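This is target.csv (CSV, C-alpha atoms and all ligand atoms).
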chain,number,residue,atom,x,y,z
C,132,MET,CA,-75.9,66.3,-227.0
C,133,ASN,CA,-75.4,63.6,-224.4
C,134,ASN,CA,-71.7,64.1,-223.9
C,135,GLU,CA,-70.5,66.6,-221.2
C,136,ILE,CA,-67.5,68.8,-221.3
C,137,GLY,CA,-65.7,71.4,-219.1
C,138,ILE,CA,-64.1,74.7,-220.1
C,139,TYR,CA,-60.9,76.1,-218.6
C,140,ILE,CA,-60.0,79.7,-219.2
C,141,HIS,CA,-56.5,80.9,-218.4
C,142,ILE,CA,-55.8,84.5,-217.3
C,143,PRO,CA,-52.0,84.8,-217.1
C,144,PHE,CA,-51.8,88.2,-215.3
C,145,CYS,CA,-50.7,88.9,-211.7
C,146,LEU,CA,-49.9,92.1,-209.8
C,147,LYS,CA,-46.6,90.5,-208.6
C,148,LYS,CA,-45.0,87.1,-209.0
C,149,CYS,CA,-45.0,85.1,-205.8
C,150,PHE,CA,-41.7,83.6,-204.8
C,151,TYR,CA,-42.8,80.0,-205.1
C,152,CYS,CA,-44.9,80.3,-208.2
C,153,ASP,CA,-44.0,78.5,-211.5
C,154,PHE,CA,-47.4,78.9,-213.1
C,155,ASN,CA,-47.8,80.6,-216.5
C,156,SER,CA,-48.4,84.0,-215.0
C,157,TYR,CA,-46.7,87.3,-215.4
C,158,ALA,CA,-46.5,90.7,-213.7
C,159,ASP,CA,-45.9,93.9,-215.6
C,160,LYS,CA,-47.8,92.8,-218.8
C,161,GLU,CA,-50.9,94.7,-218.1
C,162,ASN,CA,-50.6,96.5,-221.4
C,163,LEU,CA,-51.5,93.2,-223.1
C,164,ILE,CA,-54.7,92.5,-221.2
C,165,GLU,CA,-57.1,94.0,-223.7
C,166,LYS,CA,-55.5,92.3,-226.7
C,167,TYR,CA,-55.2,89.0,-224.8
C,168,VAL,CA,-58.9,89.0,-223.9
C,169,PHE,CA,-59.8,89.8,-227.5
C,170,ALA,CA,-57.6,86.8,-228.7
C,171,LEU,CA,-59.0,84.5,-226.0
C,172,CYS,CA,-62.6,85.3,-227.1
C,173,LYS,CA,-61.6,84.7,-230.7
C,174,GLU,CA,-60.2,81.3,-229.7
C,175,ILE,CA,-63.4,80.4,-227.9
C,176,LEU,CA,-65.5,81.5,-230.9
C,177,GLU,CA,-63.4,79.4,-233.3
C,178,ASN,CA,-64.3,76.4,-231.2
C,179,SER,CA,-68.0,77.2,-231.0
C,180,GLU,CA,-69.0,74.3,-233.3
C,181,ILE,CA,-67.4,71.8,-231.0
C,182,LEU,CA,-68.8,73.5,-227.9
C,183,SER,CA,-72.3,73.5,-229.3
C,184,GLU,CA,-72.2,69.7,-229.7
C,185,TYR,CA,-71.6,69.2,-226.0
C,186,LYS,CA,-73.3,69.9,-222.7
C,187,VAL,CA,-70.9,72.3,-220.8
C,188,THR,CA,-71.3,71.5,-217.1
C,189,THR,CA,-68.3,73.3,-215.6
C,190,ILE,CA,-66.3,76.4,-216.3
C,191,TYR,CA,-63.1,77.3,-214.5
C,192,ILE,CA,-61.4,80.7,-214.8
C,193,GLY,CA,-57.9,80.2,-213.4
C,194,GLY,CA,-54.5,81.8,-213.6
C,195,GLY,CA,-52.6,83.8,-212.9
C,196,THR,CA,-55.1,86.0,-211.1
C,197,PRO,CA,-58.4,86.4,-212.9
C,198,SER,CA,-59.6,88.8,-210.2
C,199,TYR,CA,-56.7,91.1,-211.0
C,200,ILE,CA,-58.0,92.2,-214.4
C,201,ASP,CA,-60.9,94.6,-214.9
C,202,PRO,CA,-64.2,92.7,-214.4
C,203,LYS,CA,-65.5,93.9,-217.7
C,204,TYR,CA,-63.1,91.4,-219.3
C,205,ILE,CA,-64.5,88.6,-217.3
C,206,LYS,CA,-68.0,89.6,-218.4
C,207,GLN,CA,-66.7,89.7,-222.0
C,208,ILE,CA,-65.3,86.2,-221.7
C,209,MET,CA,-68.4,84.8,-220.1
C,210,ASP,CA,-70.7,86.5,-222.7
C,211,THR,CA,-68.5,85.0,-225.5
C,212,ILE,CA,-68.8,81.5,-223.9
C,213,TYR,CA,-72.6,81.9,-223.6
C,214,LEU,CA,-72.8,82.6,-227.3
C,215,CYS,CA,-71.4,79.1,-228.0
C,216,ILE,CA,-73.1,76.9,-225.4
C,217,ASP,CA,-76.4,76.1,-223.9
C,218,LYS,CA,-76.2,78.1,-220.7
C,219,SER,CA,-78.8,76.0,-218.9
C,220,SER,CA,-76.5,72.9,-218.6
C,221,VAL,CA,-73.8,74.8,-216.6
C,222,GLU,CA,-73.6,73.7,-213.0
C,223,GLU,CA,-70.5,75.2,-211.6
C,224,ILE,CA,-68.5,78.3,-212.7
C,225,THR,CA,-65.4,79.0,-210.6
C,226,ILE,CA,-63.1,82.1,-210.6
C,227,GLU,CA,-59.8,82.2,-208.9
C,228,ALA,CA,-59.1,85.4,-206.8
C,229,ASN,CA,-56.3,86.9,-204.8
C,230,PRO,CA,-57.6,88.6,-201.6
C,231,ASN,CA,-56.3,92.0,-202.3
C,232,SER,CA,-58.0,92.3,-205.7
C,233,ILE,CA,-61.5,91.4,-204.6
C,234,THR,CA,-64.0,94.3,-204.6
C,235,LYS,CA,-67.8,94.4,-204.3
C,236,GLU,CA,-68.1,95.7,-207.9
C,237,LYS,CA,-66.1,92.8,-209.3
C,238,LEU,CA,-68.0,90.1,-207.3
C,239,GLU,CA,-71.3,91.6,-208.4
C,240,ILE,CA,-70.3,91.5,-212.0
C,241,TYR,CA,-69.0,87.9,-211.6
C,242,LYS,CA,-72.4,86.9,-210.1
C,243,MET,CA,-74.3,88.6,-212.9
C,244,SER,CA,-72.2,86.6,-215.3
C,245,GLY,CA,-73.2,83.4,-213.7
C,246,ILE,CA,-70.1,82.7,-211.7
C,247,ASN,CA,-71.1,80.8,-208.6
C,248,ARG,CA,-67.9,79.6,-207.0
C,249,LEU,CA,-65.0,81.7,-205.7
C,250,SER,CA,-61.6,80.2,-205.1
C,251,ILE,CA,-59.4,82.5,-202.9
C,252,GLY,CA,-55.6,82.1,-202.5
C,253,LEU,CA,-55.0,82.6,-198.8
C,254,GLN,CA,-51.9,80.4,-198.4
C,255,SER,CA,-51.3,81.5,-194.7
C,256,ASN,CA,-53.0,83.7,-192.1
C,257,HIS,CA,-49.6,85.0,-190.9
C,258,ASN,CA,-48.5,88.3,-192.4
C,259,SER,CA,-44.9,87.6,-191.7
C,260,ILE,CA,-45.1,84.3,-193.7
C,261,LEU,CA,-47.1,86.0,-196.5
C,262,LYS,CA,-44.3,88.5,-196.8
C,263,LYS,CA,-41.7,85.8,-196.9
C,264,ILE,CA,-43.4,84.1,-199.9
C,265,GLY,CA,-43.9,87.4,-201.8
C,266,ARG,CA,-47.7,87.6,-201.5
C,267,VAL,CA,-49.2,91.0,-202.2
C,268,HIS,CA,-52.0,90.6,-199.6
C,269,THR,CA,-52.3,90.6,-195.8
C,270,ILE,CA,-54.6,88.7,-193.6
C,271,GLU,CA,-56.6,91.9,-193.1
C,272,ASP,CA,-57.1,92.1,-196.9
C,273,PHE,CA,-58.4,88.5,-196.8
C,274,GLU,CA,-60.8,89.2,-194.0
C,275,LYS,CA,-62.2,92.2,-195.9
C,276,ALA,CA,-62.5,90.1,-199.1
C,277,LEU,CA,-64.3,87.3,-197.3
C,278,ASP,CA,-66.8,89.8,-195.8
C,279,ILE,CA,-67.4,91.3,-199.3
C,280,ALA,CA,-67.9,87.8,-200.8
C,281,ASN,CA,-70.5,87.0,-198.1
C,282,SER,CA,-72.2,90.4,-198.4
C,283,VAL,CA,-72.9,89.8,-202.1
C,284,GLY,CA,-74.1,86.3,-201.4
C,285,MET,CA,-71.2,84.2,-202.7
C,286,GLU,CA,-72.3,80.9,-201.2
C,287,ASN,CA,-69.6,78.6,-202.4
C,288,ILE,CA,-66.1,79.7,-201.4
C,289,SER,CA,-62.9,77.7,-201.6
C,290,LEU,CA,-59.6,78.5,-199.9
C,291,ASP,CA,-56.1,77.6,-201.0
C,292,LEU,CA,-53.4,76.9,-198.4
C,293,ILE,CA,-49.8,75.8,-198.9
C,294,TYR,CA,-47.5,73.9,-196.4
C,295,PRO,CA,-44.8,73.9,-195.3
C,296,LEU,CA,-43.8,77.5,-196.0
C,297,PRO,CA,-40.5,79.2,-195.4
C,298,ASP,CA,-39.8,79.6,-191.6
C,299,LEU,CA,-43.3,78.3,-190.8
C,300,SER,CA,-43.4,76.5,-187.4
C,301,PHE,CA,-45.8,73.8,-186.5
C,302,ASN,CA,-47.6,76.1,-184.1
C,303,GLN,CA,-48.1,78.7,-186.8
C,304,PHE,CA,-49.5,76.1,-189.2
C,305,LYS,CA,-51.8,74.7,-186.5
C,306,ASP,CA,-53.1,78.3,-186.0
C,307,THR,CA,-53.7,78.6,-189.7
C,308,VAL,CA,-55.7,75.3,-189.8
C,309,ASP,CA,-57.7,76.4,-186.7
C,310,TYR,CA,-58.3,79.7,-188.3
C,311,VAL,CA,-59.7,78.3,-191.6
C,312,VAL,CA,-62.1,76.0,-189.8
C,313,SER,CA,-63.3,78.9,-187.7
C,314,LEU,CA,-64.5,80.5,-190.9
C,315,LYS,CA,-66.9,77.6,-191.8
C,316,SER,CA,-70.0,79.8,-191.3
C,317,LYS,CA,-68.7,82.3,-193.8
C,318,ASN,CA,-69.5,80.0,-196.7
C,319,ILE,CA,-66.1,78.3,-196.8
C,320,LYS,CA,-67.3,75.0,-198.4
C,321,HIS,CA,-64.0,73.8,-199.8
C,322,ILE,CA,-60.3,73.9,-198.8
C,323,SER,CA,-57.4,72.9,-201.0
C,324,VAL,CA,-54.1,72.4,-199.2
C,325,TYR,CA,-51.1,72.0,-201.4
C,326,ASN,CA,-47.8,70.6,-200.5
C,327,LEU,CA,-45.2,73.2,-201.3
C,328,GLU,CA,-43.4,72.5,-204.6
C,329,VAL,CA,-40.0,74.2,-204.9
C,330,HIS,CA,-39.4,74.9,-208.6
C,331,GLU,CA,-36.0,75.6,-210.0
C,332,ASN,CA,-35.4,79.2,-211.0
C,333,THR,CA,-37.9,80.6,-208.6
C,334,LYS,CA,-37.0,83.2,-206.0
C,335,LEU,CA,-38.0,80.6,-203.3
C,336,ALA,CA,-35.4,78.1,-204.6
C,337,PHE,CA,-32.8,80.8,-204.4
C,338,LEU,CA,-33.8,81.9,-200.9
C,339,LEU,CA,-33.7,78.2,-199.7
C,340,ASN,CA,-30.3,77.5,-201.4
C,341,GLU,CA,-28.8,80.5,-199.9
C,342,ASN,CA,-30.2,79.6,-196.4
C,343,TYR,CA,-32.1,82.9,-196.2
C,344,VAL,CA,-35.2,80.9,-195.2
C,345,SER,CA,-35.7,77.3,-194.2
C,346,LEU,CA,-38.4,74.6,-194.2
C,347,VAL,CA,-39.3,72.3,-191.3
C,348,ASP,CA,-37.8,68.8,-191.4
C,349,GLU,CA,-39.8,65.7,-192.6
C,350,ASP,CA,-41.0,64.7,-189.1
C,351,GLU,CA,-42.5,68.2,-188.4
C,352,GLU,CA,-44.0,68.3,-191.9
C,353,TYR,CA,-45.7,64.9,-191.1
C,354,GLU,CA,-47.1,66.4,-187.8
C,355,MET,CA,-48.5,69.3,-189.9
C,356,TYR,CA,-50.1,66.8,-192.3
C,357,LYS,CA,-51.7,64.8,-189.5
C,358,TYR,CA,-53.0,67.9,-187.7
C,359,LEU,CA,-54.4,69.3,-191.0
C,360,LYS,CA,-56.1,66.0,-192.0
C,361,ASP,CA,-57.7,65.3,-188.6
C,362,THR,CA,-58.8,68.9,-187.9
C,363,LEU,CA,-60.4,69.4,-191.3
C,364,GLN,CA,-62.1,66.0,-191.1
C,365,ASN,CA,-63.3,66.6,-187.5
C,366,ASN,CA,-64.9,69.9,-188.7
C,367,GLY,CA,-66.9,68.4,-191.5
C,368,TYR,CA,-64.5,68.9,-194.4
C,369,ASN,CA,-64.2,65.5,-196.0
C,370,ARG,CA,-61.0,64.7,-197.7
C,371,TYR,CA,-62.0,63.6,-201.2
C,372,GLU,CA,-58.7,64.0,-203.1
C,373,ILE,CA,-55.1,64.0,-201.9
C,374,SER,CA,-55.0,67.8,-201.5
C,375,ASN,CA,-58.7,68.7,-201.4
C,376,TYR,CA,-61.3,68.8,-198.6
C,377,ALA,CA,-65.0,69.7,-198.9
C,378,ILE,CA,-68.3,69.9,-197.1
C,379,SER,CA,-70.3,67.1,-198.6
C,380,GLY,CA,-71.9,68.1,-201.9
C,381,TYR,CA,-69.3,70.9,-202.4
C,382,GLU,CA,-66.5,68.9,-204.0
C,383,SER,CA,-65.1,70.8,-207.0
C,384,LYS,CA,-67.1,69.4,-210.0
C,385,HIS,CA,-64.5,70.9,-212.4
C,386,ASN,CA,-61.5,69.3,-210.8
C,387,LEU,CA,-63.3,66.0,-210.5
C,388,ARG,CA,-63.6,66.1,-214.2
C,389,TYR,CA,-59.8,66.1,-214.4
C,390,TRP,CA,-59.4,63.2,-212.0
C,391,ASN,CA,-62.2,61.2,-213.8
C,392,GLN,CA,-60.4,61.7,-217.1
C,393,GLU,CA,-63.3,63.5,-218.6
C,394,LEU,CA,-63.3,66.0,-221.5
C,395,TYR,CA,-62.3,69.6,-221.1
C,396,LEU,CA,-61.3,72.4,-223.5
C,397,GLY,CA,-58.7,74.9,-222.3
C,398,PHE,CA,-58.5,78.4,-223.8
C,399,GLY,CA,-55.7,81.0,-223.4
C,400,ALA,CA,-52.0,81.0,-223.1
C,401,GLY,CA,-50.6,77.8,-221.7
C,402,ALA,CA,-54.0,76.2,-221.3
C,403,SER,CA,-54.3,72.5,-221.8
C,404,SER,CA,-57.2,70.4,-223.1
C,405,PHE,CA,-58.2,66.7,-223.1
C,406,PHE,CA,-60.4,65.8,-226.0
C,407,GLY,CA,-60.8,62.6,-228.1
C,408,GLY,CA,-58.1,60.7,-226.2
C,409,THR,CA,-55.6,63.5,-226.9
C,410,ARG,CA,-53.9,66.0,-224.6
C,411,TYR,CA,-53.2,69.4,-226.1
C,412,LYS,CA,-51.3,72.4,-224.7
C,413,ASN,CA,-51.4,76.0,-226.0
C,414,GLU,CA,-48.5,78.4,-226.6
C,415,THR,CA,-47.4,79.8,-223.2
C,416,SER,CA,-46.0,83.2,-224.2
C,417,ILE,CA,-48.8,85.8,-224.1
C,418,GLU,CA,-47.3,87.7,-227.0
C,419,LYS,CA,-47.0,84.6,-229.3
C,420,TYR,CA,-50.4,83.5,-228.3
C,421,ILE,CA,-52.0,86.8,-229.3
C,422,ASP,CA,-49.9,87.0,-232.4
C,423,ASN,CA,-50.9,83.5,-233.6
C,424,ILE,CA,-54.5,83.9,-232.8
C,425,LEU,CA,-54.7,87.3,-234.6
C,426,ASN,CA,-52.9,85.8,-237.6
C,427,ASN,CA,-55.1,82.7,-237.8
C,428,LYS,CA,-52.3,80.4,-236.8
C,429,SER,CA,-52.6,77.4,-234.5
C,430,VAL,CA,-51.7,78.1,-230.8
C,431,ILE,CA,-51.3,74.4,-230.0
C,432,ILE,CA,-47.6,73.6,-229.2
C,433,GLU,CA,-48.1,70.1,-227.8
C,434,LYS,CA,-50.4,67.3,-228.9
C,435,GLU,CA,-50.1,63.9,-227.4
C,436,GLU,CA,-52.4,61.2,-228.7
C,437,LEU,CA,-52.6,58.6,-225.9
C,438,ASP,CA,-52.8,55.0,-226.9
C,439,LEU,CA,-55.2,52.7,-225.1
C,440,LEU,CA,-52.6,51.5,-222.5
C,441,SER,CA,-51.4,55.0,-221.8
C,442,LEU,CA,-55.0,56.1,-221.3
C,443,ILE,CA,-55.7,53.3,-218.9
C,444,LYS,CA,-52.5,53.9,-216.9
C,445,GLU,CA,-53.3,57.6,-216.6
C,446,TYR,CA,-56.9,56.8,-215.6
C,447,ILE,CA,-55.7,54.5,-212.8
C,448,ILE,CA,-53.3,57.2,-211.4
C,449,LEU,CA,-55.9,59.9,-211.6
C,450,GLN,CA,-58.5,57.8,-209.9
C,451,LEU,CA,-56.1,56.8,-207.1
C,452,ARG,CA,-55.8,60.5,-206.3
C,453,LYS,CA,-59.4,60.4,-205.1
C,454,ILE,CA,-59.9,59.0,-201.6
C,455,GLU,CA,-62.7,56.7,-202.8
C,456,GLY,CA,-60.3,55.3,-205.4
C,457,LEU,CA,-61.1,53.5,-208.6
C,458,SER,CA,-64.4,51.8,-209.1
C,459,LEU,CA,-63.8,48.4,-210.7
C,460,SER,CA,-67.1,48.3,-212.5
C,461,ALA,CA,-66.7,51.9,-213.8
C,462,PHE,CA,-63.2,50.8,-215.1
C,463,LYS,CA,-64.8,47.9,-216.8
C,464,SER,CA,-67.5,49.8,-218.5
C,465,LYS,CA,-65.1,52.6,-219.6
C,466,TYR,CA,-62.3,50.4,-221.0
C,467,LYS,CA,-64.1,47.0,-221.5
C,468,LYS,CA,-61.4,45.3,-219.6
C,469,ASP,CA,-60.8,43.8,-216.2
C,470,ILE,CA,-58.1,45.8,-214.4
C,471,TYR,CA,-56.7,42.6,-212.8
C,472,SER,CA,-56.1,41.1,-216.3
C,473,LEU,CA,-53.7,44.0,-216.9
C,474,PHE,CA,-52.2,44.9,-213.5
C,475,SER,CA,-52.7,42.0,-211.1
C,476,ILE,CA,-49.0,41.8,-210.1
C,477,GLU,CA,-48.8,45.6,-209.4
C,478,ILE,CA,-52.0,45.6,-207.4
C,479,ALA,CA,-51.0,42.5,-205.4
C,480,GLN,CA,-47.6,44.1,-204.6
C,481,LEU,CA,-49.2,47.4,-203.5
C,482,GLU,CA,-51.7,45.4,-201.3
C,483,LYS,CA,-48.8,43.5,-199.8
C,484,ASP,CA,-46.9,46.7,-199.1
C,485,GLY,CA,-50.0,48.1,-197.3
C,486,LEU,CA,-50.4,51.0,-199.8
C,487,LEU,CA,-53.6,49.8,-201.5
C,488,VAL,CA,-56.8,48.0,-200.4
C,489,LYS,CA,-59.8,46.6,-202.1
C,490,ASP,CA,-63.0,48.0,-200.7
C,491,ASN,CA,-66.2,46.4,-202.2
C,492,ASP,CA,-66.3,47.7,-205.8
C,493,ASN,CA,-63.3,50.0,-205.4
C,494,ILE,CA,-59.5,49.8,-205.0
C,495,LYS,CA,-58.1,52.8,-203.1
C,496,LEU,CA,-54.9,53.9,-201.4
C,497,THR,CA,-54.6,53.3,-197.7
C,498,SER,CA,-53.7,56.1,-195.3
C,499,ARG,CA,-50.1,55.1,-195.7
C,500,GLY,CA,-50.6,54.9,-199.5
C,501,LEU,CA,-51.9,58.4,-199.5
C,502,GLU,CA,-48.8,59.6,-197.7
C,503,VAL,CA,-46.4,58.1,-200.2
C,504,ALA,CA,-48.8,58.2,-203.2
C,505,ASN,CA,-45.9,58.7,-205.7
C,506,LEU,CA,-44.6,55.2,-204.9
C,507,ALA,CA,-48.1,53.8,-205.7
C,508,TRP,CA,-48.5,55.8,-208.9
C,509,GLU,CA,-45.0,54.7,-210.1
C,510,LYS,CA,-46.3,51.1,-210.5
C,511,PHE,CA,-48.6,52.4,-213.3
C,512,ILE,CA,-46.2,54.6,-215.2
J,601,LIG,C1,-53.4,80.2,-209.7
J,601,LIG,S1,-53.2,80.2,-208.0
J,601,LIG,C2,-54.7,80.8,-207.3
J,601,LIG,C3,-55.1,82.3,-207.6
J,601,LIG,C4,-54.2,83.4,-207.3
J,601,LIG,N1,-53.2,83.4,-208.4
J,601,LIG,C5,-53.5,83.3,-206.0
J,601,LIG,O1,-52.4,82.9,-205.9
J,601,LIG,O2,-54.1,83.8,-205.0
J,601,LIG,C6,-53.4,78.5,-207.7
J,601,LIG,C7,-52.9,78.0,-206.4
J,601,LIG,O3,-51.8,77.1,-206.6
J,601,LIG,C8,-51.1,77.0,-205.4
J,601,LIG,N2,-49.6,77.0,-205.8
J,601,LIG,C9,-49.0,77.8,-206.7
J,601,LIG,N3,-47.7,77.5,-206.7
J,601,LIG,C10,-47.5,76.5,-205.8
J,601,LIG,C11,-46.3,75.8,-205.4
J,601,LIG,N4,-45.1,76.0,-205.9
J,601,LIG,N5,-46.5,74.8,-204.5
J,601,LIG,C12,-47.7,74.5,-203.9
J,601,LIG,N6,-48.8,75.2,-204.3
J,601,LIG,C13,-48.7,76.2,-205.2
J,601,LIG,C14,-51.4,78.2,-204.5
J,601,LIG,O4,-52.1,77.7,-203.4
J,601,LIG,C15,-52.4,79.0,-205.4
J,601,LIG,O5,-53.4,79.6,-204.6
J,602,LIG,S1,-50.8,85.3,-207.5
J,602,LIG,FE1,-51.2,83.1,-207.8
J,602,LIG,S2,-50.6,82.8,-210.0
J,602,LIG,FE2,-49.9,84.8,-209.4
J,602,LIG,S3,-47.8,84.5,-208.9
J,602,LIG,FE3,-48.9,84.3,-207.0
J,602,LIG,S4,-49.5,82.1,-206.8
J,602,LIG,FE4,-48.8,82.5,-208.9

Taking this structure as input, can you express it in the form of structure tokens?
Ligand SMILES: C[S@@+](CC[C@H](N)C(=O)[O-])C[C@H]1O[C@@H](n2cnc3c(N)ncnc32)[C@H](O)[C@@H]1O
Ligand code: SF4
Amino acid sequence: MNNEIGIYIHIPFCLKKCFYCDFNSYADKENLIEKYVFALCKEILENSEILSEYKVTTIYIGGGTPSYIDPKYIKQIMDTIYLCIDKSSVEEITIEANPNSITKEKLEIYKMSGINRLSIGLQSNHNSILKKIGRVHTIEDFEKALDIANSVGMENISLDLIYPLPDLSFNQFKDTVDYVVSLKSKNIKHISVYNLEVHENTKLAFLLNENYVSLVDEDEEYEMYKYLKDTLQNNGYNRYEISNYAISGYESKHNLRYWNQELYLGFGAGASSFFGGTRYKNETSIEKYIDNILNNKSVIIEKEELDLLSLIKEYIILQLRKIEGLSLSAFKSKYKKDIYSLFSIEIAQLEKDGLLVKDNDNIKLTSRGLEVANLAWEKFI
């Protein structure tokens, strides 16, 4: 039982679809919740033999909006997981929540189920902007939710922000950043700030194409980025990954598992897994997922066995997402190879372009490299 593993649980239900969201999440499918949770628990139990062979250190309940469904289902899922694993090895259990669906009763049940980290989707502190992106909550809902979380003793809270957002000005964004750092004493230990992705076929793509809303230009976006990075850093939130900042010791253990190319099993519709050098993805449709599970059919729709070179390239890209970069000795012990024997030309070119530096045992992206990380990653694709 030396090997460690993480568990990801996908809850694909939301009260309403946000305009920018392309996640595997659905509104108006509440009638399927009970059956879905039953099927999800069946999928977990079917993997109990594998789970019992590993030390599960992290569990992440994401979505969709896990806090939207009745907390009895979250308890049911956690109880099922606990039947399959040695509970004592679990260090971090996160649940994602939307501010308007957080109640005292829910958080108390989460805590009793061992959940010790709450990730709240705030996105912006301006009601006018929240409305423009189709969020169901207001800043007042968030403040209430944060007070409830503190009152029940949730000591590890993470916030999600997105930038730029439709019609968001630099000053409004500055205000959002100042606002989130002012909440530090309310157990905000971690802040994720995602760069807006505009996905085809979303309402946001339509609104932008039709000029109903607009985004700031590149220069202003860069000003936002600089303000964000400096302000979070100056307030004790260390940037440890391209989009993630944390008070020291509160980096997301589960997400670090992804960036360190470590094992995890995903359960639920659309969930993915990384196990035995292979990436798997589950059926995304809730209906088909339930149907297949109940009829004892496989729910895996994608299976990619990575050859050694693909694994190595993926590892390098994932490691370069971290601000500390890739440890040369860790690379050698994991892959029994010297990275320079494989990628000396690419590394030299990135160094020459000022995008990558060697720092003792590590190679890592420079400040400039982090700004144009895609250009650096391309060298390893
Ligand atoms: C599953 S959601 C978090 C929980 C909950 N569903 C919510 O939105 O409050 C994960 C996070 O992904 C981010 N996200 C979703 N779609 C995005 C997009 N198109 N661009 C950037 N970030 C996005 C949001 O910050 C969101 O909070
Ligand atoms: S609540 Fe979260 S998962 Fe649901 S639609 Fe909005 S961003 Fe997507």

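Pairwise distance (CA of Asn505 (chain C), CA of Leu487 (chain C)) equals 12.5 Å.
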
Checklist entry - With only C-alpha atoms and all ligand atoms as the basis for distance, which of C:Leu296, C:Lys173, C:Asp278, C:Gly284 is at the shortest distance from ligand LIG 601 (chain J)? => result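 Using only C-alpha atoms and all ligand atoms, the shortest distance to ligand LIG 601 (chain J) belongs to C:Leu296.
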
Checklist entry - Residues within 10 Å of ligand LIG 602 (chain J) (only C-alpha atoms and all ligand atoms), as a PyMOL selection string? => result chain C and resi 142-158+193-199+227-230+251-254+264-268+291

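Minimum atom-to-atom distance to ligand LIG 601 (chain J), evaluated using only C-alpha atoms and all ligand atoms, belongs to C:His141 out of C:His385, C:His141, C:Lys203, C:Lys305.
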
Item to check | Spatial neighbours of Phe406 (chain C), max dist 12 Å, only C-alpha atoms, sep filter under 2 positions, as an NGL selection string | outcome: :C and (134-138 or 181-182 or 185 or 389 or 392-397 or 403-404 or 408-412 or 434-437)

Item to check | Within 10 Å of file point (-66.8, 95.7, -212.8), counting only C-alpha atoms, expressed as an MDAnalysis selection string | outcome: chainID C and resid 200:206 234:241

Next on the checklist: Can you pull out the residues contacting region 490-499 of chain C? Cut-off 10 Å, using all atoms listed in the file, and skip same-chain residues under 6 positions away; I want them as a list in words.
Outcome noted: Ile447, Gln450, Leu451, Arg452, Lys453, Ile454, Glu455, Gly456, Leu457, Ser458, Leu459, Ser460, Ala461, Phe462, Ile478, Leu481, Glu482, Asp484 and Ala507 of chain C

Item to check | Length of the atom C12 of ligand LIG 601 (chain J) to CA of Glu352 (chain C) vector [Å] | outcome: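 For atom C12 of ligand LIG 601 (chain J) relative to CA of Glu352 (chain C), the distance reads 14.0 Å.
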
Checklist entry - In Å, how far is it from CA of Ser345 (chain C) to CA of Ser300 (chain C)? => result 10.3 Å

Checklist entry - For ligand LIG 601 (chain J), which of C:Ile470, C:Ile208, C:Ile192, C:Ile448 is the closest residue, counting only C-alpha atoms and all ligand atoms? => result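 Result for the nearest residue to ligand LIG 601 (chain J): C:Ile192.
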
Checklist outcome for this item: Min atom-atom distance to ligand LIG 601 (chain J) from the set C:His330, C:Lys275, C:Lys489, C:Lys315, counting all atoms listed in the file, belongs to C:His330

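Each of C:Thr269, C:Gln364, C:Ser259, C:Ser220 was compared to ligand LIG 601 (chain J) using only C-alpha atoms and all ligand atoms, and C:Thr269 turns out to be the nearest.
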
Item to check | Nearest-residue call for ligand LIG 601 (chain J), choices C:Ser429, C:Ser255, C:Asn342, C:Ser464, using only C-alpha atoms and all ligand atoms | outcome: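 Residue with the minimum atom-to-atom distance to ligand LIG 601 (chain J): C:Ser255.
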
Item to check | Test item: residues at most 10 Å from Glu351 (chain C), all atoms listed in the file, excluding those fewer than 5 positions along its chain, as JSON, numbers by chain | outcome: {"C": [295, 300, 301, 346, 356, 357]}

Give me the residues of region 318-406 of chain C that have any atom at most 10 Å from an atom of region 164-171 of chain C; for each, the nearest atom pair and the distance in Å, rounded to one decimal. Use only C-alpha atoms, sort by chain and number, and format it as a Markdown table.
| residue | atom | partner | partner_atom | distance |
| --- | --- | --- | --- | --- |
| C:Phe398 | CA | C:Leu171 | CA | 6.5 |
| C:Gly399 | CA | C:Leu171 | CA | 5.5 |
| C:Ala400 | CA | C:Leu171 | CA | 8.3 |
